[in-house]
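Raw start-v5.pdb, PDB, N, CA and C atoms:
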MODEL        1
ATOM      1  N   MET A   1     125.110 110.432 -54.098
ATOM      2  CA  MET A   1     125.283 110.062 -52.714
ATOM      3  C   MET A   1     124.175 110.683 -51.862
ATOM      4  N   GLN A   2     123.518 109.885 -51.067
ATOM      5  CA  GLN A   2     122.426 110.362 -50.228
ATOM      6  C   GLN A   2     122.957 110.826 -48.875
ATOM      7  N   ALA A   3     122.483 111.984 -48.439
ATOM      8  CA  ALA A   3     122.913 112.517 -47.152
ATOM      9  C   ALA A   3     121.879 112.255 -46.062
ATOM     10  N   VAL A   4     120.588 112.387 -46.390
ATOM     11  CA  VAL A   4     119.518 112.260 -45.406
ATOM     12  C   VAL A   4     118.427 111.380 -45.996
ATOM     13  N   LYS A   5     117.846 110.521 -45.160
ATOM     14  CA  LYS A   5     116.724 109.701 -45.611
ATOM     15  C   LYS A   5     115.739 109.579 -44.461
ATOM     16  N   ALA A   6     114.463 109.739 -44.781
ATOM     17  CA  ALA A   6     113.426 109.614 -43.760
ATOM     18  C   ALA A   6     112.263 108.815 -44.327
ATOM     19  N   LYS A   7     111.621 108.033 -43.469
ATOM     20  CA  LYS A   7     110.410 107.300 -43.839
ATOM     21  C   LYS A   7     109.311 107.693 -42.875
ATOM     22  N   ILE A   8     108.163 108.039 -43.447
ATOM     23  CA  ILE A   8     107.017 108.452 -42.642
ATOM     24  C   ILE A   8     105.811 107.649 -43.112
ATOM     25  N   GLU A   9     105.161 106.943 -42.186
ATOM     26  CA  GLU A   9     103.988 106.148 -42.521
ATOM     27  C   GLU A   9     102.725 106.915 -42.148
ATOM     28  N   ILE A  10     101.825 107.021 -43.114
ATOM     29  CA  ILE A  10     100.522 107.641 -42.897
ATOM     30  C   ILE A  10      99.494 106.685 -43.492
ATOM     31  N   GLY A  11      98.732 106.046 -42.617
ATOM     32  CA  GLY A  11      97.766 105.060 -43.098
ATOM     33  C   GLY A  11      98.481 103.928 -43.826
ATOM     34  N   HIS A  12      98.045 103.642 -45.043
ATOM     35  CA  HIS A  12      98.651 102.556 -45.806
ATOM     36  C   HIS A  12      99.699 103.040 -46.810
ATOM     37  N   ILE A  13     100.132 104.300 -46.670
ATOM     38  CA  ILE A  13     101.137 104.881 -47.555
ATOM     39  C   ILE A  13     102.393 105.208 -46.746
ATOM     40  N   THR A  14     103.539 104.874 -47.299
ATOM     41  CA  THR A  14     104.820 105.261 -46.713
ATOM     42  C   THR A  14     105.469 106.296 -47.616
ATOM     43  N   PHE A  15     105.830 107.426 -47.024
ATOM     44  CA  PHE A  15     106.546 108.482 -47.730
ATOM     45  C   PHE A  15     108.025 108.300 -47.429
ATOM     46  N   GLU A  16     108.832 108.192 -48.452
ATOM     47  CA  GLU A  16     110.274 108.084 -48.274
ATOM     48  C   GLU A  16     110.913 109.339 -48.858
ATOM     49  N   LEU A  17     111.604 110.081 -48.006
ATOM     50  CA  LEU A  17     112.237 111.335 -48.414
ATOM     51  C   LEU A  17     113.743 111.143 -48.420
ATOM     52  N   SER A  18     114.390 111.609 -49.486
ATOM     53  CA  SER A  18     115.839 111.475 -49.597
ATOM     54  C   SER A  18     116.449 112.825 -49.918
ATOM     55  N   GLY A  19     117.374 113.252 -49.071
ATOM     56  CA  GLY A  19     118.125 114.477 -49.313
ATOM     57  C   GLY A  19     119.493 114.123 -49.842
ATOM     58  N   HIS A  20     119.850 114.714 -50.937
ATOM     59  CA  HIS A  20     121.123 114.400 -51.587
ATOM     60  C   HIS A  20     122.062 115.598 -51.498
ATOM     61  N   VAL A  21     123.353 115.338 -51.454
ATOM     62  CA  VAL A  21     124.327 116.420 -51.352
ATOM     63  C   VAL A  21     124.323 117.338 -52.560
ATOM     64  N   ASP A  22     123.845 116.872 -53.698
ATOM     65  CA  ASP A  22     123.798 117.723 -54.894
ATOM     66  C   ASP A  22     122.479 118.478 -55.012
ATOM     67  N   ASP A  23     121.677 118.493 -53.940
ATOM     68  CA  ASP A  23     120.408 119.226 -53.869
ATOM     69  C   ASP A  23     119.303 118.692 -54.771
ATOM     70  N   THR A  24     119.416 117.486 -55.284
ATOM     71  CA  THR A  24     118.297 116.876 -55.996
ATOM     72  C   THR A  24     117.546 116.007 -54.987
ATOM     73  N   ASN A  25     116.778 116.664 -54.136
ATOM     74  CA  ASN A  25     116.026 115.988 -53.081
ATOM     75  C   ASN A  25     114.780 115.343 -53.676
ATOM     76  N   THR A  26     114.517 114.114 -53.270
ATOM     77  CA  THR A  26     113.435 113.346 -53.887
ATOM     78  C   THR A  26     112.504 112.753 -52.838
ATOM     79  N   PHE A  27     111.327 112.329 -53.325
ATOM     80  CA  PHE A  27     110.399 111.595 -52.470
ATOM     81  C   PHE A  27     109.840 110.437 -53.276
ATOM     82  N   ALA A  28     109.387 109.435 -52.558
ATOM     83  CA  ALA A  28     108.732 108.283 -53.169
ATOM     84  C   ALA A  28     107.565 107.881 -52.279
ATOM     85  N   LEU A  29     106.466 107.469 -52.896
ATOM     86  CA  LEU A  29     105.290 107.002 -52.157
ATOM     87  C   LEU A  29     105.138 105.507 -52.386
ATOM     88  N   PHE A  30     105.063 104.766 -51.297
ATOM     89  CA  PHE A  30     104.904 103.320 -51.358
ATOM     90  C   PHE A  30     103.560 102.942 -50.747
ATOM     91  N   ALA A  31     102.803 102.097 -51.414
ATOM     92  CA  ALA A  31     101.565 101.557 -50.853
ATOM     93  C   ALA A  31     101.889 100.225 -50.175
ATOM     94  N   ASP A  32     101.129  99.907 -49.120
ATOM     95  CA  ASP A  32     101.331  98.631 -48.431
ATOM     96  C   ASP A  32     101.353  97.480 -49.432
ATOM     97  N   GLY A  33     102.305  96.595 -49.262
ATOM     98  CA  GLY A  33     102.380  95.407 -50.096
ATOM     99  C   GLY A  33     103.129  95.605 -51.409
ATOM    100  N   PHE A  34     103.565  96.819 -51.703
ATOM    101  CA  PHE A  34     104.297  97.077 -52.939
ATOM    102  C   PHE A  34     105.776  97.269 -52.631
ATOM    103  N   VAL A  35     106.622  96.669 -53.448
ATOM    104  CA  VAL A  35     108.063  96.811 -53.277
ATOM    105  C   VAL A  35     108.560  98.073 -53.968
ATOM    106  N   LYS A  36     108.002  98.358 -55.134
ATOM    107  CA  LYS A  36     108.397  99.538 -55.889
ATOM    108  C   LYS A  36     107.456 100.692 -55.552
ATOM    109  N   PRO A  37     107.965 101.920 -55.627
ATOM    110  CA  PRO A  37     107.091 103.062 -55.332
ATOM    111  C   PRO A  37     105.991 103.204 -56.376
ATOM    112  N   VAL A  38     104.833 103.680 -55.931
ATOM    113  CA  VAL A  38     103.740 103.943 -56.871
ATOM    114  C   VAL A  38     103.876 105.327 -57.476
ATOM    115  N   PHE A  39     104.712 106.186 -56.831
ATOM    116  CA  PHE A  39     104.951 107.522 -57.369
ATOM    117  C   PHE A  39     106.272 108.035 -56.829
ATOM    118  N   THR A  40     107.015 108.750 -57.663
ATOM    119  CA  THR A  40     108.255 109.390 -57.235
ATOM    120  C   THR A  40     108.307 110.806 -57.792
ATOM    121  N   GLY A  41     109.107 111.658 -57.173
ATOM    122  CA  GLY A  41     109.251 113.010 -57.689
ATOM    123  C   GLY A  41     110.336 113.772 -56.965
ATOM    124  N   LEU A  42     110.554 114.983 -57.428
ATOM    125  CA  LEU A  42     111.523 115.880 -56.805
ATOM    126  C   LEU A  42     110.834 116.727 -55.749
ATOM    127  N   ILE A  43     111.528 116.999 -54.675
ATOM    128  CA  ILE A  43     111.028 117.910 -53.649
ATOM    129  C   ILE A  43     111.366 119.324 -54.120
ATOM    130  N   TYR A  44     110.343 120.150 -54.270
ATOM    131  CA  TYR A  44     110.542 121.519 -54.752
ATOM    132  C   TYR A  44     110.440 122.483 -53.576
ATOM    133  N   PRO A  45     110.970 123.697 -53.718
ATOM    134  CA  PRO A  45     111.071 124.627 -52.581
ATOM    135  C   PRO A  45     109.765 124.905 -51.839
ATOM    136  N   ALA A  46     108.639 125.001 -52.508
ATOM    137  CA  ALA A  46     107.374 125.343 -51.839
ATOM    138  C   ALA A  46     106.571 124.106 -51.425
ATOM    139  N   MET A  47     107.150 122.928 -51.536
ATOM    140  CA  MET A  47     106.390 121.702 -51.263
ATOM    141  C   MET A  47     105.888 121.632 -49.826
ATOM    142  N   ALA A  48     106.691 122.043 -48.857
ATOM    143  CA  ALA A  48     106.253 121.978 -47.457
ATOM    144  C   ALA A  48     105.011 122.840 -47.239
ATOM    145  N   ALA A  49     104.996 124.042 -47.817
ATOM    146  CA  ALA A  49     103.825 124.920 -47.686
ATOM    147  C   ALA A  49     102.614 124.300 -48.365
ATOM    148  N   ASP A  50     102.812 123.687 -49.510
ATOM    149  CA  ASP A  50     101.707 123.027 -50.217
ATOM    150  C   ASP A  50     101.150 121.869 -49.390
ATOM    151  N   LEU A  51     102.027 121.098 -48.762
ATOM    152  CA  LEU A  51     101.571 119.981 -47.932
ATOM    153  C   LEU A  51     100.857 120.468 -46.675
ATOM    154  N   ARG A  52     101.261 121.630 -46.157
ATOM    155  CA  ARG A  52     100.536 122.206 -45.016
ATOM    156  C   ARG A  52      99.117 122.587 -45.421
ATOM    157  N   GLN A  53      98.953 123.099 -46.645
ATOM    158  CA  GLN A  53      97.610 123.407 -47.147
ATOM    159  C   GLN A  53      96.782 122.131 -47.255
ATOM    160  N   LEU A  54      97.394 121.056 -47.721
ATOM    161  CA  LEU A  54      96.699 119.770 -47.795
ATOM    162  C   LEU A  54      96.281 119.327 -46.391
ATOM    163  N   ALA A  55      97.188 119.459 -45.428
ATOM    164  CA  ALA A  55      96.867 119.065 -44.046
ATOM    165  C   ALA A  55      95.708 119.894 -43.497
ATOM    166  N   ASP A  56      95.694 121.192 -43.811
ATOM    167  CA  ASP A  56      94.586 122.045 -43.377
ATOM    168  C   ASP A  56      93.260 121.555 -43.947
ATOM    169  N   GLN A  57      93.254 121.159 -45.202
ATOM    170  CA  GLN A  57      92.022 120.666 -45.835
ATOM    171  C   GLN A  57      91.596 119.334 -45.216
ATOM    172  N   VAL A  58      92.567 118.471 -44.914
ATOM    173  CA  VAL A  58      92.241 117.201 -44.260
ATOM    174  C   VAL A  58      91.626 117.482 -42.890
ATOM    175  N   ASP A  59      92.169 118.454 -42.156
ATOM    176  CA  ASP A  59      91.595 118.831 -40.864
ATOM    177  C   ASP A  59      90.156 119.311 -41.025
ATOM    178  N   MET A  60      89.916 120.154 -42.004
ATOM    179  CA  MET A  60      88.561 120.692 -42.212
ATOM    180  C   MET A  60      87.578 119.591 -42.585
ATOM    181  N   ILE A  61      87.965 118.728 -43.489
ATOM    182  CA  ILE A  61      87.059 117.675 -43.956
ATOM    183  C   ILE A  61      86.909 116.577 -42.901
ATOM    184  N   GLY A  62      88.018 116.255 -42.240
ATOM    185  CA  GLY A  62      88.004 115.174 -41.260
ATOM    186  C   GLY A  62      87.500 115.584 -39.891
ATOM    187  N   GLY A  63      87.229 116.868 -39.707
ATOM    188  CA  GLY A  63      86.702 117.321 -38.433
ATOM    189  C   GLY A  63      87.700 117.259 -37.302
ATOM    190  N   ALA A  64      88.934 117.683 -37.568
ATOM    191  CA  ALA A  64      89.974 117.659 -36.524
ATOM    192  C   ALA A  64      89.520 118.455 -35.316
ATOM    193  N   LYS A  65      89.931 118.025 -34.155
ATOM    194  CA  LYS A  65      89.510 118.671 -32.908
ATOM    195  C   LYS A  65      90.645 119.449 -32.314
TER     196      LYS A  65
ENDMDL
END

Could you render the structure as structure tokens?
Amino acid sequence: MQAVKAKIEIGHITFELSGHVDDTNTFALFADGFVKPVFTGLIYPAMAADLRQLADQVDMIGGAK
């Protein structure tokens, strides 16, 4: 049973996050035009920190202001 679901669009990728009552929280990545996800996985405890590191690198490379 799913308790929480969120969809976040970034460019041509949609991130779908699902929180489940049994703590098996998952994510799926969808590319534009695809019905099935191109990648799925479990959300692990340090994932938010890892994604913040990715965002920092995107800022550095992309020249964020």

Computed gap from atom C of A:Leu29 to atom N of A:Glu16 is 6.0 Å

Applied to the shown file, which residues does the PyMOL selection byres ((chain A and resi 30) around 7) return, written as a list of chain:residue names?
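What the PyMOL selection byres ((chain A and resi 30) around 7) grabs from the file is A:His12, A:Ile13, A:Thr14, A:Phe15, A:Glu16, A:Ala28, A:Leu29, A:Ala31, A:Asp32, A:Gly33, A:Phe34, A:Val35, A:Lys36, A:Pro37, A:Val38, A:Phe39.
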
Based on DSSP run over this structure's backbone, return all residues of chain A in helix (DSSP H, G or I), as a list in words.
Met47, Ala48, Ala49, Asp50, Leu51, Arg52, Gln53, Leu54, Ala55, Asp56, Gln57, Val58, Asp59, Met60, Ile61 and Gly62 of chain A

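What separates atom N of A:Thr40 from atom CA of A:Lys5 is a distance of 15.5 Å.
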
What's the 6 Å shell around A:Asn25, counting only N, CA and C atoms, without same-chain residues fewer than 2 positions away, as an MDAnalysis selection string?
chainID A and resid 18:20 23 27 41:43
